[in-house]
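Shown next: structure27.cif, given as mmCIF, C-alpha atoms.
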```cif
data_model
#
loop_
_atom_site.label_atom_id
_atom_site.label_comp_id
_atom_site.auth_asym_id
_atom_site.auth_seq_id
_atom_site.Cartn_x
_atom_site.Cartn_y
_atom_site.Cartn_z
CA MET A 157 0.00 0.00 0.00
CA GLU A 158 1.31 3.39 -0.90
CA ASN A 159 1.26 6.38 1.37
CA ILE A 160 -2.01 8.23 1.21
CA GLY A 161 -0.23 11.34 0.06
CA ASP A 162 1.53 9.65 -2.85
CA HIS A 163 -1.61 8.12 -4.13
CA MET A 164 -3.67 11.27 -3.96
CA GLY A 165 -1.01 13.31 -5.72
CA LYS A 166 -1.54 11.32 -8.90
CA ARG A 167 -5.14 12.48 -9.19
CA LYS A 168 -5.65 15.07 -11.84
CA LYS A 169 -8.11 17.28 -10.04
CA LYS A 170 -7.24 18.97 -6.78
CA THR A 171 -9.55 18.64 -3.81
CA ARG A 172 -10.86 21.96 -2.59
CA ILE A 173 -12.09 22.10 0.98
CA VAL A 174 -13.71 25.38 1.93
CA ILE A 175 -14.80 26.26 5.45
CA ASP A 176 -17.36 29.03 5.85
CA TYR A 177 -16.00 31.15 8.68
CA SER A 178 -19.29 33.00 9.09
CA LYS A 179 -20.67 29.72 10.51
CA CYS A 180 -17.57 28.31 12.22
CA GLY A 181 -14.96 30.34 14.06
CA GLU A 182 -14.79 33.85 15.38
CA LYS A 183 -18.08 35.14 13.90
CA GLY A 184 -20.10 31.93 14.08
CA LYS A 185 -21.96 30.39 16.96
CA ILE A 186 -19.53 27.56 17.47
CA ASP A 187 -16.08 27.88 18.98
CA PRO A 188 -13.72 25.48 17.18
CA ARG A 189 -12.05 24.70 20.50
CA ASP A 190 -15.24 23.13 21.87
CA CYS A 191 -16.45 21.44 18.70
CA GLY A 192 -13.65 19.91 16.62
CA LYS A 193 -15.88 17.13 15.28
CA CYS A 194 -14.34 17.37 11.81
CA LEU A 195 -10.90 16.80 13.30
CA GLN A 196 -11.95 13.61 15.00
CA VAL A 197 -13.86 12.18 12.07
CA CYS A 198 -11.14 12.77 9.47
CA ASP A 199 -8.98 9.68 9.06
CA PRO A 200 -6.04 11.25 7.22
CA CYS A 201 -6.05 14.36 9.47
CA VAL A 202 -6.65 17.02 6.84
CA PHE A 203 -7.85 19.72 9.23
CA LEU A 204 -5.78 21.89 11.50
CA ARG A 205 -7.06 23.82 14.49
CA HIS A 206 -5.05 26.94 15.12
CA MET A 207 -5.23 30.42 16.46
CA THR A 208 -5.66 33.08 13.84
CA LEU A 209 -2.86 35.30 12.68
CA GLY A 210 -4.94 38.34 13.58
CA VAL A 211 -4.96 41.80 12.13
CA LYS A 212 -1.78 43.11 13.70
CA PRO A 213 1.12 41.83 11.61
CA LYS A 214 3.74 42.40 14.29
CA ASP A 215 1.88 40.77 17.14
CA PRO A 216 -0.41 38.19 15.57
CA TYR A 217 -0.95 36.16 18.70
CA ASP A 218 -4.55 36.17 19.84
CA PRO A 219 -5.36 33.26 22.15
CA GLN A 220 -9.12 33.89 21.98
CA ASP A 221 -9.47 33.61 18.23
CA TRP A 222 -9.37 30.06 16.93
CA ARG A 223 -10.09 28.65 13.56
CA ILE A 224 -10.08 25.40 11.61
CA THR A 225 -8.31 25.25 8.27
CA ALA A 226 -8.12 22.36 5.82
CA VAL A 227 -4.36 22.44 5.67
CA TRP A 228 -3.48 19.17 3.89
CA PRO A 229 -6.13 18.79 1.13
CA SER A 230 -3.74 16.61 -0.90
CA VAL A 231 -4.21 13.69 1.51
CA CYS A 232 -8.02 13.99 1.54
CA THR A 233 -9.74 10.74 0.61
CA ARG A 234 -13.00 12.49 -0.35
CA CYS A 235 -15.12 10.45 2.04
CA LEU A 236 -17.24 13.54 2.90
CA LYS A 237 -17.60 12.53 6.54
CA CYS A 238 -16.65 16.05 7.62
CA VAL A 239 -19.49 17.55 5.56
CA GLU A 240 -21.96 15.19 7.22
CA ILE A 241 -20.82 15.69 10.79
CA CYS A 242 -20.42 19.49 10.86
CA PRO A 243 -23.31 20.80 13.02
CA GLU A 244 -23.35 24.15 11.20
CA LYS A 245 -22.82 22.69 7.70
CA ALA A 246 -19.85 24.98 7.27
CA ILE A 247 -17.61 22.62 5.29
CA SER A 248 -17.87 22.07 1.56
CA VAL A 249 -15.67 19.72 -0.45
CA SER A 250 -15.39 19.90 -4.21
CA TRP A 251 -13.15 18.49 -6.92
CA MET B 1176 25.44 7.53 11.82
CA CYS B 1177 24.01 10.54 10.00
CA GLN B 1178 25.62 13.88 9.18
CA TRP B 1179 24.32 15.36 12.43
CA CYS B 1180 26.15 12.66 14.40
CA PHE B 1181 29.41 13.68 12.75
CA LYS B 1182 28.68 17.33 13.35
CA HIS B 1183 27.29 17.30 16.89
CA GLY B 1184 27.77 13.75 18.14
CA ALA B 1185 31.40 13.80 19.29
CA GLY B 1186 32.02 10.34 17.87
CA GLN B 1187 28.65 8.79 18.69
CA LYS B 1188 24.98 9.37 17.98
CA TRP B 1189 23.97 13.01 18.24
CA TYR B 1190 21.38 12.40 20.92
CA LEU B 1191 23.91 10.62 23.15
CA ASN B 1192 26.26 13.60 23.33
CA ALA B 1193 25.83 15.23 26.75
CA LYS B 1194 26.98 18.61 25.43
CA ASN B 1195 23.82 18.94 23.35
CA TYR B 1196 21.71 18.92 26.53
CA SER B 1197 23.73 21.39 28.59
CA ASP B 1198 22.36 24.67 29.94
CA ASP B 1199 25.55 26.37 28.81
CA LEU B 1200 24.73 25.59 25.21
CA ALA B 1201 21.22 26.94 25.64
CA LYS B 1202 22.61 30.14 27.17
CA GLU B 1203 25.12 30.44 24.35
CA LEU B 1204 22.32 30.16 21.77
CA ASP B 1205 20.14 32.51 23.85
CA LEU B 1206 17.22 30.15 23.88
CA GLU B 1207 15.08 31.42 26.73
CA ASP B 1208 13.20 34.02 24.71
CA TYR B 1209 13.54 32.01 21.51
CA LEU B 1210 11.70 28.98 22.87
CA THR B 1211 9.05 31.09 24.59
CA GLU B 1212 8.31 32.84 21.31
CA GLN B 1213 8.29 29.52 19.50
CA TRP B 1214 5.70 27.99 21.82
CA THR B 1215 3.56 31.14 21.67
CA THR B 1216 3.22 30.85 17.91
CA MET B 1217 3.60 27.09 17.42
CA GLU B 1218 -0.03 26.52 16.41
CA GLN B 1219 0.27 28.99 13.55
CA ILE B 1220 3.30 27.43 11.95
CA PHE B 1221 1.46 25.68 9.12
CA ILE B 1222 -0.75 28.61 8.16
CA ARG B 1223 1.85 31.33 8.34
CA ARG B 1224 3.31 32.61 5.08
CA ILE B 1225 7.05 31.99 5.02
CA LYS B 1226 8.94 33.48 2.08
CA GLY B 1227 5.60 33.93 0.32
CA PHE B 1228 4.34 30.37 0.83
CA SER B 1229 2.23 28.86 3.56
CA SER B 1230 1.93 25.11 4.20
CA ILE B 1231 -1.75 25.04 3.21
CA GLY B 1232 -2.03 22.49 0.39
CA LEU B 1233 1.66 21.67 0.66
CA GLY B 1234 1.20 18.34 -1.13
CA TYR B 1235 -0.06 20.13 -4.24
CA LYS B 1236 2.49 22.91 -4.00
CA LEU B 1237 5.40 20.45 -3.89
CA LYS B 1238 4.09 18.73 -7.04
CA MET B 1239 4.12 21.93 -9.07
CA PRO B 1240 6.86 21.97 -11.68
CA LEU B 1241 9.90 24.09 -10.78
CA ILE B 1242 8.10 26.01 -8.01
CA GLY B 1243 7.74 22.73 -6.13
CA LYS B 1244 11.49 22.17 -6.22
CA PHE B 1245 12.07 25.71 -5.00
CA ILE B 1246 9.64 25.26 -2.10
CA ARG B 1247 11.20 21.92 -1.16
CA ARG B 1248 14.67 23.42 -1.09
CA GLY B 1249 13.49 26.35 0.97
CA ALA B 1250 11.71 24.08 3.43
CA GLU B 1251 14.73 21.80 3.79
CA SER B 1252 17.09 24.68 4.46
CA MET B 1253 14.63 26.04 7.03
CA ILE B 1254 14.25 22.71 8.81
CA HIS B 1255 18.01 22.17 9.07
CA SER B 1256 18.98 25.82 9.57
CA GLU B 1257 21.98 26.51 11.80
CA LYS B 1258 22.24 30.18 10.91
CA LYS B 1259 22.40 32.92 13.51
CA ASN B 1260 19.30 34.70 12.22
CA ARG B 1261 16.96 31.78 12.92
CA LYS B 1262 13.36 32.80 13.42
CA ALA B 1263 11.44 31.23 16.28
CA PHE B 1264 8.00 31.57 14.69
CA ARG B 1265 8.90 29.35 11.74
CA ALA B 1266 10.61 26.70 13.90
CA ASP B 1267 13.99 26.85 12.18
CA GLY B 1268 16.35 24.01 12.97
CA HIS B 1269 13.61 21.88 14.54
CA PHE B 1270 13.90 18.27 13.42
CA GLY B 1271 14.26 14.91 15.07
CA GLN B 1272 14.88 11.22 14.90
CA VAL B 1273 12.99 8.10 15.85
CA ILE B 1274 14.53 6.27 18.81
CA PRO B 1275 13.79 2.91 20.38
CA LEU B 1276 12.72 2.73 24.01
CA GLU B 1277 16.23 1.75 25.20
CA ASP B 1278 17.82 4.94 23.88
CA GLY B 1279 14.94 6.96 25.29
CA LYS B 1280 15.63 5.51 28.71
CA ILE B 1281 19.32 6.39 28.46
CA ILE B 1282 18.46 9.97 27.54
CA LEU B 1283 15.92 10.42 30.32
CA SER B 1284 18.00 8.75 33.02
CA GLU B 1285 21.41 10.26 32.28
CA LEU B 1286 21.39 13.07 29.76
CA ALA B 1287 18.22 15.15 30.00
CA ALA B 1288 18.62 18.51 31.70
CA GLU B 1289 16.44 19.47 34.66
CA PRO B 1290 13.55 20.25 34.94
CA LEU B 1291 11.42 17.60 33.20
CA ILE B 1292 7.75 18.10 32.43
CA GLU B 1293 5.09 16.14 30.63
CA ASN B 1294 2.76 18.27 28.56
CA TYR B 1295 -0.12 17.91 26.13
CA CYS B 1296 0.90 16.99 22.60
CA LEU B 1297 0.50 20.06 20.42
CA CYS B 1298 0.18 18.13 17.15
CA ARG B 1299 -2.62 15.96 18.46
CA TRP B 1300 -4.51 18.98 19.78
CA MET B 1301 -4.12 20.78 16.47
CA GLN B 1302 -4.82 17.94 14.12
CA ARG B 1303 -7.03 15.48 15.99
CA GLY B 1304 -8.59 17.66 18.64
CA VAL B 1305 -7.66 15.48 21.60
CA LYS B 1306 -5.60 16.35 24.64
CA ASP B 1307 -3.08 13.62 25.23
CA ALA B 1308 -0.29 14.16 27.73
CA CYS B 1309 2.62 12.32 26.16
CA CYS B 1310 5.41 14.74 25.30
CA ILE B 1311 8.31 14.86 27.72
CA ASN B 1312 10.18 18.14 27.49
CA PHE B 1313 13.24 19.08 29.47
CA GLY B 1314 15.73 21.85 30.06
CA TYR B 1315 14.94 25.30 28.71
CA ASN B 1316 12.05 23.88 26.72
CA ALA B 1317 10.29 22.80 29.92
CA THR B 1318 10.59 26.23 31.52
CA ALA B 1319 9.26 27.79 28.32
CA ILE B 1320 6.23 25.49 28.07
CA GLU B 1321 5.33 25.96 31.73
CA LYS B 1322 4.37 29.54 30.94
CA PHE B 1323 1.47 28.33 28.76
CA PRO B 1324 -1.42 26.79 30.70
CA ARG B 1325 -2.95 25.29 27.56
CA PHE B 1326 -0.13 22.74 27.35
CA ILE B 1327 -0.15 21.69 31.00
CA PRO B 1328 -2.21 18.61 31.91
CA LYS B 1329 -4.82 19.15 34.61
CA GLU B 1330 -3.97 15.99 36.51
CA ARG B 1331 -0.20 16.51 36.39
CA THR B 1332 0.64 20.13 37.00
CA LEU B 1333 3.99 19.57 38.68
CA ARG B 1334 7.35 18.76 37.20
CA ILE B 1335 8.17 15.06 37.03
CA ASP B 1336 11.32 13.27 38.10
CA ARG B 1337 13.45 10.97 35.99
CA GLU B 1338 11.87 7.70 37.15
CA GLN B 1339 8.39 9.00 36.40
CA ALA B 1340 9.50 10.20 32.97
CA ILE B 1341 10.95 6.79 32.10
CA GLU B 1342 7.80 5.10 33.36
CA ARG B 1343 5.60 7.34 31.23
CA LEU B 1344 7.75 6.84 28.12
CA GLU B 1345 7.58 3.09 28.55
CA GLU B 1346 3.81 3.28 28.99
CA HIS B 1347 3.40 5.28 25.77
CA ASN B 1348 5.77 3.03 23.85
CA LYS B 1349 3.84 -0.07 24.85
CA LYS B 1350 0.61 1.65 23.80
CA GLY B 1351 2.06 1.97 20.29
CA TYR B 1352 3.37 5.54 20.24
CA VAL B 1353 6.69 6.08 18.51
CA ALA B 1354 9.40 7.70 20.61
CA THR B 1355 11.21 10.55 18.87
CA VAL B 1356 13.94 12.88 20.07
CA TRP B 1357 14.10 16.47 18.82
CA PHE B 1358 16.55 19.24 18.15
CA GLN B 1359 14.88 22.50 19.10
CA PRO B 1360 16.80 24.24 17.60
CA VAL B 1361 19.85 22.34 16.36
CA PRO B 1362 22.14 21.51 18.22
CA TYR B 1363 20.14 21.87 21.47
CA VAL B 1364 18.19 18.69 22.31
CA CYS B 1365 15.22 19.26 24.58
CA ALA B 1366 12.25 17.01 23.82
CA ILE B 1367 11.22 13.37 23.65
CA CYS B 1368 7.82 12.97 22.02
CA SER B 1369 5.61 9.92 21.69
CA CYS B 1370 4.28 10.44 18.20
CA GLU B 1371 1.61 8.77 16.18
CA SER B 1372 1.06 8.93 12.46
CA PRO B 1373 -0.64 10.84 10.79
CA GLU B 1374 -1.34 13.33 13.61
CA CYS B 1375 2.31 14.23 14.18
CA GLY B 1376 3.33 17.25 12.13
CA GLY B 1377 6.85 15.92 11.69
CA LEU B 1378 5.80 12.46 10.54
CA ARG B 1379 3.25 14.07 8.22
CA LEU B 1380 5.98 16.06 6.46
CA THR B 1381 8.31 13.06 6.34
CA ASN B 1382 5.97 10.28 5.25
CA ASP B 1383 3.48 12.12 3.07
CA PHE B 1384 5.59 14.88 1.54
CA GLY B 1385 9.11 13.47 1.67
CA LEU B 1386 10.68 16.32 3.64
CA HIS B 1387 13.57 15.32 5.90
CA GLU B 1388 11.91 16.26 9.18
CA VAL B 1389 12.07 12.99 11.14
CA TYR B 1390 15.05 10.74 10.49
CA LYS B 1391 14.64 6.98 10.74
CA ALA B 1392 16.20 5.37 13.79
CA GLU B 1393 19.75 4.08 13.96
CA TYR B 1394 18.19 0.64 14.17
CA ILE B 1395 16.06 -1.53 11.96
CA ILE B 1396 13.76 -4.41 12.81
CA GLN B 1397 14.79 -8.00 12.22
CA LEU B 1398 12.35 -10.87 12.04
CA ASN B 1399 13.26 -14.35 13.24
CA ILE B 1400 11.22 -16.46 10.80
CA ASP B 1401 11.44 -19.62 12.92
CA ASN B 1402 9.93 -17.92 15.95
CA CYS B 1403 7.09 -16.15 14.15
CA GLN B 1404 3.80 -17.98 14.70
CA GLY B 1405 1.70 -15.79 12.45
CA CYS B 1406 -0.55 -14.38 15.17
CA GLY B 1407 -0.35 -10.89 13.62
CA THR B 1408 -0.50 -8.90 16.85
CA CYS B 1409 2.50 -6.84 15.74
CA VAL B 1410 0.64 -5.62 12.65
CA LYS B 1411 -1.66 -3.38 14.62
CA MET B 1412 1.23 -1.83 16.54
CA CYS B 1413 3.03 -0.50 13.46
CA GLN B 1414 2.25 3.16 12.69
CA PHE B 1415 3.90 3.05 9.28
CA ASN B 1416 2.26 0.04 7.53
CA ALA B 1417 5.60 -1.74 7.52
CA ILE B 1418 4.31 -5.14 8.74
CA ARG B 1419 1.83 -7.34 6.92
CA LEU B 1420 0.47 -10.79 7.77
CA ILE B 1421 0.67 -13.32 4.93
CA PRO B 1422 -1.66 -16.25 5.71
CA SER B 1423 -0.24 -18.65 3.09
CA ILE B 1424 3.19 -18.79 4.73
CA ASP B 1425 1.71 -18.21 8.18
CA ARG B 1426 4.05 -15.42 9.20
CA VAL B 1427 4.43 -11.67 8.86
CA ILE B 1428 6.56 -9.92 6.27
CA ILE B 1429 8.30 -6.59 6.82
CA ASP B 1430 8.64 -3.71 4.41
CA TYR B 1431 12.12 -2.53 5.34
CA ASN B 1432 11.79 0.64 3.31
CA LYS B 1433 8.95 1.75 5.56
CA CYS B 1434 10.36 0.52 8.86
CA MET B 1435 11.40 3.54 10.95
CA GLY B 1436 13.17 1.36 13.52
CA CYS B 1437 11.09 2.46 16.50
CA GLY B 1438 10.82 -1.08 17.88
CA VAL B 1439 7.24 -0.62 19.05
CA CYS B 1440 6.16 -3.90 17.41
CA ARG B 1441 8.47 -5.83 19.78
CA HIS B 1442 6.16 -5.10 22.69
CA ALA B 1443 3.35 -7.03 21.01
CA CYS B 1444 5.34 -10.15 20.13
CA LYS B 1445 4.89 -13.04 22.57
CA TYR B 1446 7.27 -15.36 20.74
CA ASP B 1447 10.43 -13.22 20.72
CA ALA B 1448 10.51 -13.10 16.93
CA LEU B 1449 11.21 -9.40 16.51
CA SER B 1450 14.43 -7.67 17.51
CA LEU B 1451 16.25 -4.47 16.66
CA ILE B 1452 19.64 -4.50 14.99
CA PRO B 1453 21.83 -1.50 14.14
CA ARG B 1454 20.99 -0.05 10.74
CA GLU B 1455 24.55 -0.34 9.44
CA GLU B 1456 24.54 -4.11 10.01
CA PHE B 1457 21.54 -4.60 7.77
CA PRO B 1458 22.68 -4.96 4.14
CA GLY B 1459 21.53 -2.12 1.91
CA PHE B 1460 20.11 0.07 4.64
CA ASP B 1461 23.24 1.65 6.05
CA GLY B 1462 22.77 5.41 6.04
CA LYS B 1463 19.22 5.29 4.68
CA TYR B 1464 17.45 7.66 6.99
CA TRP B 1465 14.40 8.39 4.81
#
```
Using the file provided, produce a representation of the structure as C-alpha cells.
Amino acid sequence: MENIGDHMGKRKKKTRIVIDYSKCGEKGKIDPRDCGKCLQVCDPCVFLRHMTLGVKPKDPYDPQDWRITAVWPSVCTRCLKCVEICPEKAISVSW
Amino acid sequence: MCQWCFKHGAGQKWYLNAKNYSDDLAKELDLEDYLTEQWTTMEQIFIRRIKGFSSIGLGYKLKMPLIGKFIRRGAESMIHSEKKNRKAFRADGHFGQVIPLEDGKIILSELAAEPLIENYCLCRWMQRGVKDACCINFGYNATAIEKFPRFIPKERTLRIDREQAIERLEEHNKKGYVATVWFQPVPYVCAICSCESPECGGLRLTNDFGLHEVYKAEYIIQLNIDNCQGCGTCVKMCQFNAIRLIPSIDRVIIDYNKCMGCGVCRHACKYDALSLIPREEFPGFDGKYW
C-alpha cells in the first residue's frame, strides 16, 4: 500500500475544501475549541485547528481567536464525513 | 550515523552527546526568549506565510513543476537551519529522529537537563482535537512550556522526576506511540515525544511529503522467521504500515523501506521473533534515513 499522500497526488483534479467562517470560528456560533468534530472524524487528518494570525502583523498572537483550516487537502480521501458531521454545515468539499 | 552525528555527536549518535543537553549551550544560543516565542506561535506554523508560501495544500504545491522544487529546497534549508538569524515563529532548525525505548531511557535517566515536564501533545490537539499528555520536554524547553497553561495537563501540574519520565515513556511506547527525540533548535536537544502517524506534524511532512523532518532510527527491525507464529498482533502496533500478515506462509513480512526502527512492534510479540539490529549491520540500509 502506498502512502495516502503519494496516491492522492496522482489524481488530476485537486480537492478543494472550503470552510465558511461565518458559521464556524470567530463570527459563528460555534467555537472550534469546543467542537472539533471534523478533526476527530477525518482519518487522514486534513484539518488543522489553530489560532488566527490576527490583524496586527507584528503581534499576531490572539489566544481567543481560533479557527479550523483544511491544511493538507492533498491527503483527503473524499469520504465527505466532515461535511456530514459538521453541526453548522460549514464545510464544503469539491473536486 | 548521519551527518548530524558527525557534526554534533562527538564520535557517537547526536542524541547521546551530553553537550547537546547542557544549559551552557542553551545560554550560548540565547534560547530562553527564543523557545518562549516559539511555543507562543507554534499553532500557527502551518498557516503562516514563510517566504511567500504557507503550508496550506503543501502536497499540491510540492508537485508543481519548478516552483515545487524551489519550495522543497526552501523548506529543507529552514528545517536544518543553523544560521544565527533563525526565526522562532517558523521553527527553524527543529527536526528529530525516531529512537527505540532503550535509547529513550538512556536519555531520560542520564542526559536530560532538569527540569522535566510532561505536557499535552501540540500536534494531536491541532490535528485530531484530543488532549493527550505524552510529550516529555526538558531543560529550557520545559521552563518555556510551563508559561502556557494550555499545554499543561490538569492531573499533572507539577514537574516530574526521571523515574516518572521513564515510566511514562515506557507506557506510551507499549501503547504503540513512537518515541522521537528532537533538536529544538539544532544543536540543542530538549524534547522526547511519543508520536503517532498521521497526527504528528513531523511524521506528516516526512511520510506524506518526503521532507527530511524525522530521520529513521539508527536501528532496523529484524524478524526471526522460525519464531514467528503468524498471530499478527504486531501488525496493529506498526504506525507506518511496515508489517503485513501473509496467511499462506503463516508469518508476517516486513517492508524494510517503511520501517522507521522504533521497535514498538516488539512489545506485542509473545514469541520473541522481533528484535532491533543497528541499521549499518543490515545490508543495503546503512545510512538510509528516509
>> Selection in question (the file shown): the PyMOL selection byres ((chain B and resi 1318) around 9). Which residues does it include, as a PyMOL selection string?
In response: chain B and resi 1207+1211+1290-1292+1313-1317+1319-1322
> Could you write out as a PyMOL selection string the residues that the PyMOL selection byres ((chain B and resi 1342) around 12) matches in the shown file?
Replying inline: chain B and resi 1276+1279-1280+1283-1284+1293+1309+1311+1335-1341+1343-1349
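Taking all atoms listed in the file into account, chain A lies nearest to B:Arg1299 out of the set B:Lys1259, B:Arg1265, B:Arg1299, B:Lys1182.
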> With only C-alpha atoms as the atoms that count, which of A:Lys245, A:Phe203, A:Val239, A:Ile186 lies nearest to Ala226 of chain A?
Replying inline: A:Phe203
Contacts of Trp1189 of chain B within 7 Å, all atoms listed in the file, excl. fewer than 4 positions in-chain, as a PDB file with C-alpha atoms, keeping the file's coordinate frame:
```pdb
ATOM      1  CA  TRP B1179      24.320  15.360  12.430  1.00  0.00           C
ATOM      2  CA  CYS B1180      26.150  12.660  14.400  1.00  0.00           C
ATOM      3  CA  HIS B1183      27.290  17.300  16.890  1.00  0.00           C
ATOM      4  CA  GLY B1184      27.770  13.750  18.140  1.00  0.00           C
TER       5      GLY B1184
END
```
>> Residues of chain B were defined as contacting chain A if any atom lay at most 6 Å from it, counting all atoms listed in the file; please report them as a count of residues only.
In response: 10
> Can you list, as a ChimeraX atom specification, every protein, DNA or RNA residue that comes within 10 Å of Leu1286 of chain B when you count all atoms listed in the file, leaving out same-chain residues fewer than 2 positions away?
Replying inline: /B:1190-1197,1279-1284,1288-1289,1364
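The two atoms in question, atom CA of Gly1407 of chain B and atom CA of Asp1447 of chain B, are spaced 13.1 Å apart.
Across the structure, atom CA of Cys180 of chain A and atom CA of Gly1376 of chain B are spaced 23.6 Å apart.
Here atom CA of Ala246 of chain A stands at a distance of 12.6 Å from atom CA of Asp187 of chain A.
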> Residues at most 12 Å from Phe1457 of chain B, counting only C-alpha atoms, excluding those fewer than 3 positions away in the same chain, as a ChimeraX atom specification?
Replying inline: /B:1393-1398,1431-1432,1436,1451-1454,1460-1463
